[in-house]
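Participant: Dumping the structure here so I can ask a few things about it.
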Amino acid sequence: VVDPASDWPLFAEKARQLLTQDKVDVIFGGWTSVSRKSVLPVVEELNGLMFYPVQYEGQEQSENIFYTGAAPNQQAIPAVEYLMSEEGGGAERFVLLGTDYVYPRTTNQILKAFLKSKGVADADIMEEYTPFGFSNYQTIVSNAVISTINGDSNVPFYRELANQGIKASDIPVMAFSVGEEELRGIDTSLLQGHLAAWNYFMSIKNPTNSAFTKRYKQYALDQKLPNAEKVVTNDPMEATYVGINMWKQAVEKAGTTDVDKVRISMAGQTFDAPSGYTLKMDEENHHLWKPVMIGQIRSDGQFDTIFKTPEVIQAQPWSEYIPK
């Protein structure tokens, strides 16, 4: 385990250390897209292998990375389609609020093009970006609809929503980077009804998820993690878990941890995920076929799933809405 400490160039340095000094067979990790893009040239140069477990903006495909989080067509686009639908409230005006880096800006570029293709006028689409760690949302929250805020800034953003008494029935916020872990640090009693789009929620009921959450809680207790009694699972954790298991299966199939052979064995791998779906690694584009889910925040910090696709959706890494 290495800790690049959210220092983007340090991700490249630590990846090089893992591959050249520690001689690892595979890397699991990264959070922001800028961290992944820092690692990308290193794993390509050294023919390493990285599994990236977080939803992202697409517009990328590498032989040395497997993307186990959602592509835009597995999260962002369906979320906006839901908001525009009768069931989702028939939204006509959109404010795209995000942290100022590649994932929110590229995702919002895709969403703007998508909204325009649906007849939404420029005047009805607003964009606003704030830096990492930003906390002064007093003048912004009255406008927010679609949030690509990432990291710790979600806490003051949602606190300000509550402070201003903004309810989901007034202005629904659809978040792409807020899950159970982010909500753990917030009084969610006033956030009921706000939305998030993911491919997994901890509250999903099925035997696989029950076993998954139980094992993690026991691990937290055994390792004496902070607030072990209240630990939660979330979408990137499930994506990491799926990636590790698929890599294991690919190694067993190949009979080796050799990167070139494992890459071939990864094509078409399937795994019965805690989401309740059988996920598949695409034979060509290194992205998972995943379900799409929309959840509504509950007072206990969990989500009620109010929409989910009947089947897994093939990822489209390259958006049809912006030039490749």
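Identifiers for the structure tokens are assigned positionally: chains receive A, B, ... in sequence, residues are indexed from 1 per chain, and ligands are indexed from 1 in the order shown.
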Tell me, which residues of range 211-286 of chain A carry DSSP alpha helix (DSSP H), written as a PyMOL selection string?

Facilitator: chain A and resi 211-222+235-254+259-266

Participant: Give me the residues near range 151-164 of chain A as an mmCIF file with all heavy atoms, in the first residue's frame, where near means some atom within 10 Å (using only C-alpha atoms) and where sequence neighbours in that chain fewer than 3 positions away do not count.

Facilitator:
```cif
data_model
loop_
_atom_site.group_PDB
_atom_site.id
_atom_site.type_symbol
_atom_site.label_atom_id
_atom_site.label_comp_id
_atom_site.auth_asym_id
_atom_site.auth_seq_id
_atom_site.Cartn_x
_atom_site.Cartn_y
_atom_site.Cartn_z
ATOM 1 N N TRP A 31 -8.330 7.800 -7.467
ATOM 2 C CA TRP A 31 -9.685 8.295 -7.158
ATOM 3 C C TRP A 31 -10.101 9.308 -8.208
ATOM 4 O O TRP A 31 -11.016 9.063 -8.980
ATOM 5 C CB TRP A 31 -9.725 8.914 -5.744
ATOM 6 C CG TRP A 31 -11.126 9.252 -5.326
ATOM 7 C CD1 TRP A 31 -11.750 10.460 -5.432
ATOM 8 C CD2 TRP A 31 -12.093 8.364 -4.757
ATOM 9 N NE1 TRP A 31 -13.047 10.395 -4.971
ATOM 10 C CE2 TRP A 31 -13.288 9.113 -4.547
ATOM 11 C CE3 TRP A 31 -12.074 7.013 -4.406
ATOM 12 C CZ2 TRP A 31 -14.442 8.553 -3.997
ATOM 13 C CZ3 TRP A 31 -13.229 6.461 -3.859
ATOM 14 C CH2 TRP A 31 -14.390 7.230 -3.665
ATOM 15 N N THR A 32 -9.417 10.424 -8.279
ATOM 16 C CA THR A 32 -9.776 11.421 -9.283
ATOM 17 C C THR A 32 -9.220 11.026 -10.650
ATOM 18 O O THR A 32 -8.275 10.249 -10.757
ATOM 19 C CB THR A 32 -9.201 12.796 -8.908
ATOM 20 O OG1 THR A 32 -7.773 12.687 -8.896
ATOM 21 C CG2 THR A 32 -9.705 13.258 -7.551
ATOM 22 N N GLY A 98 -19.605 21.772 -10.310
ATOM 23 C CA GLY A 98 -18.573 20.767 -10.119
ATOM 24 C C GLY A 98 -17.286 21.304 -9.543
ATOM 25 O O GLY A 98 -17.053 22.514 -9.495
ATOM 26 N N THR A 99 -16.450 20.382 -9.112
ATOM 27 C CA THR A 99 -15.089 20.716 -8.701
ATOM 28 C C THR A 99 -14.282 20.996 -9.960
ATOM 29 O O THR A 99 -14.501 20.383 -11.002
ATOM 30 C CB THR A 99 -14.480 19.542 -7.901
ATOM 31 O OG1 THR A 99 -15.364 19.217 -6.817
ATOM 32 C CG2 THR A 99 -13.117 19.904 -7.339
ATOM 33 N N THR A 130 -15.803 25.040 -8.636
ATOM 34 C CA THR A 130 -15.139 25.478 -7.416
ATOM 35 C C THR A 130 -13.897 24.616 -7.196
ATOM 36 O O THR A 130 -13.850 23.461 -7.635
ATOM 37 C CB THR A 130 -16.077 25.331 -6.204
ATOM 38 O OG1 THR A 130 -16.523 23.967 -6.111
ATOM 39 C CG2 THR A 130 -17.300 26.243 -6.350
ATOM 40 N N PRO A 131 -12.881 25.136 -6.512
ATOM 41 C CA PRO A 131 -11.653 24.359 -6.304
ATOM 42 C C PRO A 131 -11.842 23.227 -5.298
ATOM 43 O O PRO A 131 -12.815 23.219 -4.523
ATOM 44 C CB PRO A 131 -10.657 25.399 -5.778
ATOM 45 C CG PRO A 131 -11.498 26.473 -5.195
ATOM 46 C CD PRO A 131 -12.768 26.505 -5.988
ATOM 47 N N PHE A 132 -10.913 22.262 -5.299
ATOM 48 C CA PHE A 132 -10.913 21.230 -4.269
ATOM 49 C C PHE A 132 -10.865 21.903 -2.895
ATOM 50 O O PHE A 132 -10.171 22.897 -2.695
ATOM 51 C CB PHE A 132 -9.683 20.317 -4.417
ATOM 52 C CG PHE A 132 -9.864 19.224 -5.432
ATOM 53 C CD1 PHE A 132 -9.321 19.346 -6.708
ATOM 54 C CD2 PHE A 132 -10.569 18.070 -5.129
ATOM 55 C CE1 PHE A 132 -9.486 18.346 -7.653
ATOM 56 C CE2 PHE A 132 -10.734 17.064 -6.064
ATOM 57 C CZ PHE A 132 -10.187 17.206 -7.325
ATOM 58 N N GLY A 133 -11.617 21.354 -1.954
ATOM 59 C CA GLY A 133 -11.610 21.894 -0.602
ATOM 60 C C GLY A 133 -12.486 23.112 -0.414
ATOM 61 O O GLY A 133 -12.553 23.672 0.676
ATOM 62 N N PHE A 134 -13.182 23.550 -1.453
ATOM 63 C CA PHE A 134 -14.043 24.734 -1.376
ATOM 64 C C PHE A 134 -15.167 24.498 -0.366
ATOM 65 O O PHE A 134 -15.699 23.397 -0.268
ATOM 66 C CB PHE A 134 -14.641 25.015 -2.754
ATOM 67 C CG PHE A 134 -15.414 26.308 -2.838
ATOM 68 C CD1 PHE A 134 -14.755 27.524 -2.958
ATOM 69 C CD2 PHE A 134 -16.808 26.312 -2.809
ATOM 70 C CE1 PHE A 134 -15.467 28.716 -3.061
ATOM 71 C CE2 PHE A 134 -17.526 27.488 -2.902
ATOM 72 C CZ PHE A 134 -16.845 28.700 -3.023
ATOM 73 N N SER A 135 -15.498 25.530 0.404
ATOM 74 C CA SER A 135 -16.518 25.340 1.438
ATOM 75 C C SER A 135 -17.585 26.431 1.472
ATOM 76 O O SER A 135 -18.589 26.290 2.157
ATOM 77 C CB SER A 135 -15.852 25.264 2.820
ATOM 78 O OG SER A 135 -15.139 26.454 3.091
ATOM 79 N N ASN A 136 -17.401 27.525 0.723
ATOM 80 C CA ASN A 136 -18.343 28.646 0.812
ATOM 81 C C ASN A 136 -19.431 28.527 -0.261
ATOM 82 O O ASN A 136 -19.365 29.156 -1.312
ATOM 83 C CB ASN A 136 -17.601 29.975 0.675
ATOM 84 C CG ASN A 136 -18.527 31.162 0.857
ATOM 85 O OD1 ASN A 136 -19.614 31.036 1.412
ATOM 86 N ND2 ASN A 136 -18.121 32.322 0.358
ATOM 87 N N TYR A 137 -20.440 27.711 0.025
ATOM 88 C CA TYR A 137 -21.492 27.457 -0.959
ATOM 89 C C TYR A 137 -22.747 28.304 -0.730
ATOM 90 O O TYR A 137 -23.782 28.051 -1.328
ATOM 91 C CB TYR A 137 -21.870 25.965 -0.945
ATOM 92 C CG TYR A 137 -20.831 25.101 -1.617
ATOM 93 C CD1 TYR A 137 -19.872 24.435 -0.875
ATOM 94 C CD2 TYR A 137 -20.790 24.976 -3.001
ATOM 95 C CE1 TYR A 137 -18.903 23.653 -1.488
ATOM 96 C CE2 TYR A 137 -19.830 24.197 -3.625
ATOM 97 C CZ TYR A 137 -18.893 23.539 -2.862
ATOM 98 O OH TYR A 137 -17.927 22.772 -3.473
ATOM 99 N N GLN A 138 -22.642 29.339 0.109
ATOM 100 C CA GLN A 138 -23.841 30.105 0.477
ATOM 101 C C GLN A 138 -24.551 30.732 -0.714
ATOM 102 O O GLN A 138 -25.769 30.787 -0.764
ATOM 103 C CB GLN A 138 -23.466 31.193 1.485
ATOM 104 C CG GLN A 138 -23.066 30.625 2.834
ATOM 105 C CD GLN A 138 -22.638 31.704 3.805
ATOM 106 O OE1 GLN A 138 -22.172 32.765 3.398
ATOM 107 N NE2 GLN A 138 -22.786 31.444 5.082
ATOM 108 N N THR A 139 -23.784 31.218 -1.690
ATOM 109 C CA THR A 139 -24.413 31.906 -2.827
ATOM 110 C C THR A 139 -24.656 30.970 -4.005
ATOM 111 O O THR A 139 -25.167 31.389 -5.040
ATOM 112 C CB THR A 139 -23.536 33.074 -3.301
ATOM 113 O OG1 THR A 139 -22.264 32.556 -3.719
ATOM 114 C CG2 THR A 139 -23.334 34.084 -2.193
ATOM 115 N N ILE A 140 -24.271 29.690 -3.863
ATOM 116 C CA ILE A 140 -24.332 28.770 -4.999
ATOM 117 C C ILE A 140 -25.460 27.768 -4.875
ATOM 118 O O ILE A 140 -26.117 27.438 -5.855
ATOM 119 C CB ILE A 140 -22.980 28.031 -5.163
ATOM 120 C CG1 ILE A 140 -21.868 29.035 -5.512
ATOM 121 C CG2 ILE A 140 -23.069 26.957 -6.236
ATOM 122 C CD1 ILE A 140 -20.488 28.420 -5.588
ATOM 123 N N VAL A 141 -25.738 27.301 -3.655
ATOM 124 C CA VAL A 141 -26.632 26.148 -3.533
ATOM 125 C C VAL A 141 -28.047 26.414 -4.007
ATOM 126 O O VAL A 141 -28.771 25.484 -4.346
ATOM 127 C CB VAL A 141 -26.678 25.597 -2.088
ATOM 128 C CG1 VAL A 141 -25.329 25.088 -1.676
ATOM 129 C CG2 VAL A 141 -27.192 26.654 -1.128
ATOM 130 N N SER A 142 -28.449 27.660 -4.048
ATOM 131 C CA SER A 142 -29.821 27.928 -4.481
ATOM 132 C C SER A 142 -30.015 27.637 -5.962
ATOM 133 O O SER A 142 -31.126 27.685 -6.467
ATOM 134 C CB SER A 142 -30.180 29.389 -4.197
ATOM 135 O OG SER A 142 -29.310 30.256 -4.886
ATOM 136 N N ALA A 144 -28.167 24.811 -7.588
ATOM 137 C CA ALA A 144 -27.604 23.524 -7.993
ATOM 138 C C ALA A 144 -28.660 22.515 -8.403
ATOM 139 O O ALA A 144 -29.706 22.391 -7.770
ATOM 140 C CB ALA A 144 -26.765 22.953 -6.865
ATOM 141 N N SER A 147 -24.665 17.791 -9.642
ATOM 142 C CA SER A 147 -23.429 18.029 -8.904
ATOM 143 C C SER A 147 -22.347 17.021 -9.263
ATOM 144 O O SER A 147 -22.534 15.816 -9.114
ATOM 145 C CB SER A 147 -23.700 17.959 -7.395
ATOM 146 O OG SER A 147 -22.488 17.937 -6.678
ATOM 147 N N THR A 148 -21.211 17.551 -9.737
ATOM 148 C CA THR A 148 -20.008 16.729 -9.903
ATOM 149 C C THR A 148 -18.940 17.207 -8.922
ATOM 150 O O THR A 148 -17.755 17.124 -9.192
ATOM 151 C CB THR A 148 -19.479 16.788 -11.353
ATOM 152 O OG1 THR A 148 -19.462 18.158 -11.789
ATOM 153 C CG2 THR A 148 -20.327 15.971 -12.290
ATOM 154 N N LYS A 167 -35.125 21.937 0.002
ATOM 155 C CA LYS A 167 -35.564 20.544 -0.014
ATOM 156 C C LYS A 167 -35.566 20.004 -1.442
ATOM 157 O O LYS A 167 -35.618 20.759 -2.407
ATOM 158 C CB LYS A 167 -36.962 20.434 0.592
ATOM 159 C CG LYS A 167 -37.024 20.889 2.047
ATOM 160 C CD LYS A 167 -38.452 20.819 2.560
ATOM 161 C CE LYS A 167 -38.530 21.296 4.011
ATOM 162 N NZ LYS A 167 -39.922 21.300 4.512
ATOM 163 N N ALA A 168 -35.542 18.685 -1.518
ATOM 164 C CA ALA A 168 -35.554 18.048 -2.838
ATOM 165 C C ALA A 168 -36.791 18.418 -3.626
ATOM 166 O O ALA A 168 -36.762 18.476 -4.860
ATOM 167 C CB ALA A 168 -35.454 16.540 -2.673
ATOM 168 N N ILE A 171 -35.666 22.087 -5.142
ATOM 169 C CA ILE A 171 -34.597 21.977 -6.150
ATOM 170 C C ILE A 171 -33.921 20.621 -5.955
ATOM 171 O O ILE A 171 -33.108 20.446 -5.045
ATOM 172 C CB ILE A 171 -33.538 23.091 -5.985
ATOM 173 C CG1 ILE A 171 -34.183 24.470 -6.088
ATOM 174 C CG2 ILE A 171 -32.437 22.937 -7.033
ATOM 175 C CD1 ILE A 171 -33.233 25.603 -5.773
ATOM 176 N N VAL A 173 -31.252 17.878 -6.202
ATOM 177 C CA VAL A 173 -29.840 17.794 -6.542
ATOM 178 C C VAL A 173 -29.524 16.361 -6.931
ATOM 179 O O VAL A 173 -29.785 15.428 -6.171
ATOM 180 C CB VAL A 173 -28.955 18.223 -5.355
ATOM 181 C CG1 VAL A 173 -27.477 18.001 -5.685
ATOM 182 C CG2 VAL A 173 -29.201 19.680 -5.013
ATOM 183 N N ALA A 175 -26.469 13.988 -7.659
ATOM 184 C CA ALA A 175 -25.028 13.945 -7.450
ATOM 185 C C ALA A 175 -24.413 12.716 -8.107
ATOM 186 O O ALA A 175 -25.017 11.639 -8.125
ATOM 187 C CB ALA A 175 -24.716 13.942 -5.960
ATOM 188 N N SER A 177 -20.985 12.060 -7.312
ATOM 189 C CA SER A 177 -19.823 11.714 -6.475
ATOM 190 C C SER A 177 -20.193 11.665 -5.002
ATOM 191 O O SER A 177 -19.329 11.820 -4.142
ATOM 192 C CB SER A 177 -18.689 12.719 -6.696
ATOM 193 O OG SER A 177 -18.222 12.681 -8.027
ATOM 194 N N VAL A 178 -21.452 11.486 -4.691
ATOM 195 C CA VAL A 178 -21.901 11.410 -3.301
ATOM 196 C C VAL A 178 -22.514 10.042 -3.051
ATOM 197 O O VAL A 178 -23.497 9.667 -3.680
ATOM 198 C CB VAL A 178 -22.933 12.506 -2.979
ATOM 199 C CG1 VAL A 178 -23.541 12.278 -1.595
ATOM 200 C CG2 VAL A 178 -22.278 13.867 -3.029
ATOM 201 N N GLU A 182 -19.633 9.604 1.892
ATOM 202 C CA GLU A 182 -19.713 11.067 2.003
ATOM 203 C C GLU A 182 -20.839 11.476 2.954
ATOM 204 O O GLU A 182 -20.699 12.421 3.731
ATOM 205 C CB GLU A 182 -19.942 11.700 0.623
ATOM 206 C CG GLU A 182 -18.728 11.658 -0.287
ATOM 207 C CD GLU A 182 -18.479 10.296 -0.903
ATOM 208 O OE1 GLU A 182 -19.401 9.447 -0.905
ATOM 209 O OE2 GLU A 182 -17.349 10.053 -1.382
ATOM 210 N N LEU A 183 -21.954 10.755 2.905
ATOM 211 C CA LEU A 183 -23.100 11.103 3.750
ATOM 212 C C LEU A 183 -22.858 10.763 5.214
ATOM 213 O O LEU A 183 -23.547 11.277 6.100
ATOM 214 C CB LEU A 183 -24.352 10.386 3.254
ATOM 215 C CG LEU A 183 -24.884 10.849 1.889
ATOM 216 C CD1 LEU A 183 -26.064 9.989 1.466
ATOM 217 C CD2 LEU A 183 -25.282 12.318 1.915
ATOM 218 N N ARG A 184 -21.859 9.924 5.463
ATOM 219 C CA ARG A 184 -21.582 9.505 6.845
ATOM 220 C C ARG A 184 -21.154 10.694 7.710
ATOM 221 O O ARG A 184 -21.322 10.688 8.926
ATOM 222 C CB ARG A 184 -20.483 8.438 6.841
ATOM 223 C CG ARG A 184 -20.404 7.611 8.120
ATOM 224 C CD ARG A 184 -19.748 6.272 7.879
ATOM 225 N NE ARG A 184 -18.347 6.384 7.519
ATOM 226 C CZ ARG A 184 -17.348 5.871 8.234
ATOM 227 N NH1 ARG A 184 -17.599 5.254 9.373
ATOM 228 N NH2 ARG A 184 -16.106 5.965 7.825
ATOM 229 N N GLY A 185 -20.609 11.744 7.088
ATOM 230 C CA GLY A 185 -20.135 12.892 7.847
ATOM 231 C C GLY A 185 -21.119 14.051 7.886
ATOM 232 O O GLY A 185 -20.741 15.173 8.228
ATOM 233 N N ILE A 186 -22.362 13.802 7.495
ATOM 234 C CA ILE A 186 -23.348 14.879 7.379
ATOM 235 C C ILE A 186 -24.626 14.496 8.124
ATOM 236 O O ILE A 186 -25.003 13.324 8.168
ATOM 237 C CB ILE A 186 -23.698 15.128 5.889
ATOM 238 C CG1 ILE A 186 -22.441 15.341 5.060
ATOM 239 C CG2 ILE A 186 -24.628 16.328 5.733
ATOM 240 C CD1 ILE A 186 -22.696 15.372 3.575
ATOM 241 N N ASP A 187 -25.297 15.480 8.676
ATOM 242 C CA ASP A 187 -26.645 15.253 9.223
ATOM 243 C C ASP A 187 -27.594 15.162 8.030
ATOM 244 O O ASP A 187 -27.929 16.161 7.409
ATOM 245 C CB ASP A 187 -27.040 16.410 10.140
ATOM 246 C CG ASP A 187 -28.469 16.257 10.669
ATOM 247 O OD1 ASP A 187 -29.092 15.201 10.410
ATOM 248 O OD2 ASP A 187 -28.956 17.202 11.323
ATOM 249 N N THR A 188 -28.008 13.958 7.716
ATOM 250 C CA THR A 188 -28.797 13.733 6.496
ATOM 251 C C THR A 188 -30.292 13.904 6.706
ATOM 252 O O THR A 188 -31.067 13.753 5.764
ATOM 253 C CB THR A 188 -28.529 12.322 5.931
ATOM 254 O OG1 THR A 188 -28.730 11.369 6.982
ATOM 255 C CG2 THR A 188 -27.115 12.206 5.403
ATOM 256 N N SER A 189 -30.688 14.229 7.916
ATOM 257 C CA SER A 189 -32.121 14.308 8.191
ATOM 258 C C SER A 189 -32.811 15.358 7.327
ATOM 259 O O SER A 189 -34.001 15.239 7.017
ATOM 260 C CB SER A 189 -32.369 14.600 9.670
ATOM 261 O OG SER A 189 -31.784 15.839 10.041
ATOM 262 N N LEU A 190 -32.056 16.413 6.927
ATOM 263 C CA LEU A 190 -32.651 17.469 6.118
ATOM 264 C C LEU A 190 -32.367 17.301 4.617
ATOM 265 O O LEU A 190 -32.723 18.160 3.820
ATOM 266 C CB LEU A 190 -32.134 18.837 6.580
ATOM 267 C CG LEU A 190 -32.472 19.212 8.029
ATOM 268 C CD1 LEU A 190 -31.812 20.523 8.411
ATOM 269 C CD2 LEU A 190 -33.986 19.304 8.210
ATOM 270 N N LEU A 191 -31.712 16.210 4.259
ATOM 271 C CA LEU A 191 -31.346 15.992 2.853
ATOM 272 C C LEU A 191 -32.192 14.915 2.190
ATOM 273 O O LEU A 191 -31.902 14.503 1.069
ATOM 274 C CB LEU A 191 -29.864 15.615 2.745
ATOM 275 C CG LEU A 191 -28.873 16.652 3.272
ATOM 276 C CD1 LEU A 191 -27.449 16.164 3.062
ATOM 277 C CD2 LEU A 191 -29.071 17.992 2.585
ATOM 278 N N HIS A 194 -33.014 14.090 -1.941
ATOM 279 C CA HIS A 194 -32.019 14.424 -2.955
ATOM 280 C C HIS A 194 -31.478 13.133 -3.560
ATOM 281 O O HIS A 194 -31.592 12.056 -2.969
ATOM 282 C CB HIS A 194 -30.904 15.281 -2.358
ATOM 283 C CG HIS A 194 -31.337 16.688 -2.068
ATOM 284 N ND1 HIS A 194 -31.720 17.560 -3.064
ATOM 285 C CD2 HIS A 194 -31.473 17.358 -0.889
ATOM 286 C CE1 HIS A 194 -32.062 18.718 -2.518
ATOM 287 N NE2 HIS A 194 -31.933 18.624 -1.200
#
```

Participant: When you count only C-alpha atoms, which of these residues is closest to Gln17 in chain A: A:Gly29, A:Asp300, A:Gly90, A:Val39?

Facilitator: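 Using only C-alpha atoms, Gln17 in chain A sits closest to A:Val39.
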
Participant: With only C-alpha atoms as the atoms that count, which of A:Arg36, A:Ser275, A:Lys23, A:Gln316 lies nearest to Asp7 in chain A?

Facilitator: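 Using only C-alpha atoms, the shortest distance to Asp7 in chain A belongs to A:Arg36.
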
Participant: Please report, as a PyMOL selection string, each residue of range 27-148 of chain A to which DSSP assigns strand (DSSP E) when run on this structure's backbone.

Facilitator: chain A and resi 27-28+50-52+65-67+94-99+125-130+146-148

Participant: Might you pull out every residue within 8 Å of Leu195 in chain A, with only C-alpha atoms counted and same-chain residues fewer than 2 positions away left off, and present them as a PyMOL selection string?

Facilitator: chain A and resi 172-175+193+197+294-297

Participant: For the residues in that selection, give me N, CA, C and O atoms as a PDB file, in the first residue's frame.

Facilitator:
```
ATOM      1  N   PRO A 172     -34.242  19.634  -6.767  1.00  0.00           N
ATOM      2  CA  PRO A 172     -33.590  18.326  -6.605  1.00  0.00           C
ATOM      3  C   PRO A 172     -32.134  18.389  -7.045  1.00  0.00           C
ATOM      4  O   PRO A 172     -31.810  18.915  -8.102  1.00  0.00           O
ATOM      5  N   VAL A 173     -31.252  17.878  -6.202  1.00  0.00           N
ATOM      6  CA  VAL A 173     -29.840  17.794  -6.542  1.00  0.00           C
ATOM      7  C   VAL A 173     -29.524  16.361  -6.931  1.00  0.00           C
ATOM      8  O   VAL A 173     -29.785  15.428  -6.171  1.00  0.00           O
ATOM      9  N   MET A 174     -28.976  16.182  -8.129  1.00  0.00           N
ATOM     10  CA  MET A 174     -28.542  14.865  -8.596  1.00  0.00           C
ATOM     11  C   MET A 174     -27.019  14.841  -8.526  1.00  0.00           C
ATOM     12  O   MET A 174     -26.340  15.601  -9.212  1.00  0.00           O
ATOM     13  N   ALA A 175     -26.469  13.988  -7.659  1.00  0.00           N
ATOM     14  CA  ALA A 175     -25.028  13.945  -7.450  1.00  0.00           C
ATOM     15  C   ALA A 175     -24.413  12.716  -8.107  1.00  0.00           C
ATOM     16  O   ALA A 175     -25.017  11.639  -8.125  1.00  0.00           O
ATOM     17  N   GLY A 193     -34.532  12.841   0.043  1.00  0.00           N
ATOM     18  CA  GLY A 193     -35.136  13.058  -1.260  1.00  0.00           C
ATOM     19  C   GLY A 193     -34.172  13.517  -2.326  1.00  0.00           C
ATOM     20  O   GLY A 193     -34.465  13.381  -3.523  1.00  0.00           O
ATOM     21  N   ALA A 197     -26.736   9.132  -8.592  1.00  0.00           N
ATOM     22  CA  ALA A 197     -26.715   8.079  -9.613  1.00  0.00           C
ATOM     23  C   ALA A 197     -25.453   7.248  -9.431  1.00  0.00           C
ATOM     24  O   ALA A 197     -24.348   7.787  -9.395  1.00  0.00           O
ATOM     25  N   ILE A 294     -30.523   4.843  -9.657  1.00  0.00           N
ATOM     26  CA  ILE A 294     -30.700   6.166  -9.059  1.00  0.00           C
ATOM     27  C   ILE A 294     -31.288   5.961  -7.679  1.00  0.00           C
ATOM     28  O   ILE A 294     -32.259   5.210  -7.503  1.00  0.00           O
ATOM     29  N   GLY A 295     -30.654   6.604  -6.706  1.00  0.00           N
ATOM     30  CA  GLY A 295     -31.086   6.450  -5.324  1.00  0.00           C
ATOM     31  C   GLY A 295     -31.506   7.771  -4.719  1.00  0.00           C
ATOM     32  O   GLY A 295     -31.034   8.841  -5.125  1.00  0.00           O
ATOM     33  N   GLN A 296     -32.395   7.682  -3.747  1.00  0.00           N
ATOM     34  CA  GLN A 296     -32.893   8.845  -3.025  1.00  0.00           C
ATOM     35  C   GLN A 296     -32.336   8.786  -1.601  1.00  0.00           C
ATOM     36  O   GLN A 296     -32.406   7.740  -0.949  1.00  0.00           O
ATOM     37  N   ILE A 297     -31.764   9.902  -1.149  1.00  0.00           N
ATOM     38  CA  ILE A 297     -31.155   9.932   0.182  1.00  0.00           C
ATOM     39  C   ILE A 297     -32.218   9.720   1.258  1.00  0.00           C
ATOM     40  O   ILE A 297     -33.278  10.350   1.232  1.00  0.00           O
TER      41      ILE A 297
END
```

Participant: So that I can see what lies close to range 111-125 of chain A, please list as number ranges by chain the residues with an atom at most 12 Å from it, counting only C-alpha atoms and leaving out residues fewer than 4 positions away in the same chain.

Facilitator: A: 57, 72-73, 75-81, 83-85, 91-97, 103-107, 143-148, 319-323

Participant: Looking at A:Ser35, A:Thr257, A:Gln192, A:Thr233, which one is nearest to Ser210 in chain A, with distances taken over only C-alpha atoms?

Facilitator: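 The closest residue to Ser210 in chain A is A:Thr233.
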
Participant: Using only C-alpha atoms, which residues sit within 9 Å of Gly30 in chain A once same-chain residues fewer than 3 positions away are excluded, as a ChimeraX atom specification?

Facilitator: /A:11,33-36,39,51-54

Participant: Limited to N, CA and C atoms, could you put the picked residues into a file as a PDB file, in the first residue's frame?

Facilitator:
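The resulting file, out_33.pdb, is shown below:
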```
ATOM      1  N   PHE A  11       1.317  10.423  -7.619  1.00  0.00           N
ATOM      2  CA  PHE A  11       0.705   9.184  -8.113  1.00  0.00           C
ATOM      3  C   PHE A  11       1.610   8.511  -9.136  1.00  0.00           C
ATOM      4  N   SER A  33      -9.791  11.621 -11.684  1.00  0.00           N
ATOM      5  CA  SER A  33      -9.284  11.364 -13.032  1.00  0.00           C
ATOM      6  C   SER A  33      -7.869  11.895 -13.206  1.00  0.00           C
ATOM      7  N   VAL A  34      -7.545  12.994 -12.513  1.00  0.00           N
ATOM      8  CA  VAL A  34      -6.190  13.527 -12.647  1.00  0.00           C
ATOM      9  C   VAL A  34      -5.178  12.569 -12.022  1.00  0.00           C
ATOM     10  N   SER A  35      -5.582  11.842 -10.988  1.00  0.00           N
ATOM     11  CA  SER A  35      -4.668  10.839 -10.423  1.00  0.00           C
ATOM     12  C   SER A  35      -4.460   9.693 -11.415  1.00  0.00           C
ATOM     13  N   ARG A  36      -5.537   9.280 -12.076  1.00  0.00           N
ATOM     14  CA  ARG A  36      -5.416   8.205 -13.075  1.00  0.00           C
ATOM     15  C   ARG A  36      -4.558   8.648 -14.246  1.00  0.00           C
ATOM     16  N   VAL A  39      -0.935   8.373 -13.553  1.00  0.00           N
ATOM     17  CA  VAL A  39      -0.418   7.002 -13.564  1.00  0.00           C
ATOM     18  C   VAL A  39      -0.341   6.436 -14.984  1.00  0.00           C
ATOM     19  N   PHE A  51      -6.171  -1.144 -12.219  1.00  0.00           N
ATOM     20  CA  PHE A  51      -7.638  -1.204 -12.171  1.00  0.00           C
ATOM     21  C   PHE A  51      -8.115   0.072 -11.494  1.00  0.00           C
ATOM     22  N   TYR A  52      -8.915   0.853 -12.221  1.00  0.00           N
ATOM     23  CA  TYR A  52      -9.410   2.146 -11.737  1.00  0.00           C
ATOM     24  C   TYR A  52     -10.884   2.008 -11.387  1.00  0.00           C
ATOM     25  N   PRO A  53     -11.285   2.237 -10.111  1.00  0.00           N
ATOM     26  CA  PRO A  53     -12.620   1.834  -9.658  1.00  0.00           C
ATOM     27  C   PRO A  53     -13.658   2.940  -9.512  1.00  0.00           C
ATOM     28  N   VAL A  54     -13.422   4.105 -10.108  1.00  0.00           N
ATOM     29  CA  VAL A  54     -14.314   5.233  -9.854  1.00  0.00           C
ATOM     30  C   VAL A  54     -14.998   5.673 -11.150  1.00  0.00           C
TER      31      VAL A  54
END
```

Participant: Could you tell me how far CA of Asn47 in chain A sits from CA of Gln249 in chain A, in Å to one decimal place?

Facilitator: 20.1 Å

Participant: So, with only C-alpha atoms as the atoms that count, which of A:Thr68, A:Gln314, A:Gln223, A:Ser299 lies closest to Gly243 in chain A?

Facilitator: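 The answer is A:Thr68, which sits nearest to Gly243 in chain A.
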
Participant: Would you mind telling me which residue in A:Ala315, A:Ala239, A:Met293, A:Val262 lies nearest to Val26 in chain A when using only C-alpha atoms?

Facilitator: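 Result for the nearest residue to Val26 in chain A: A:Val262.
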
Participant: Taking only C-alpha atoms into account, which of A:His287, A:Ala70, A:Val232, A:Asp282 comes nearest Tyr219 in chain A?

Facilitator: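 Nearest candidate to Tyr219 in chain A out of A:His287, A:Ala70, A:Val232, A:Asp282: A:Val232.
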
Participant: Please indicate the distance in Å from CA of Asp25 in chain A to CA of Ala220 in chain A, rounded to one decimal place.

Facilitator: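 The value is 26.3 Å.
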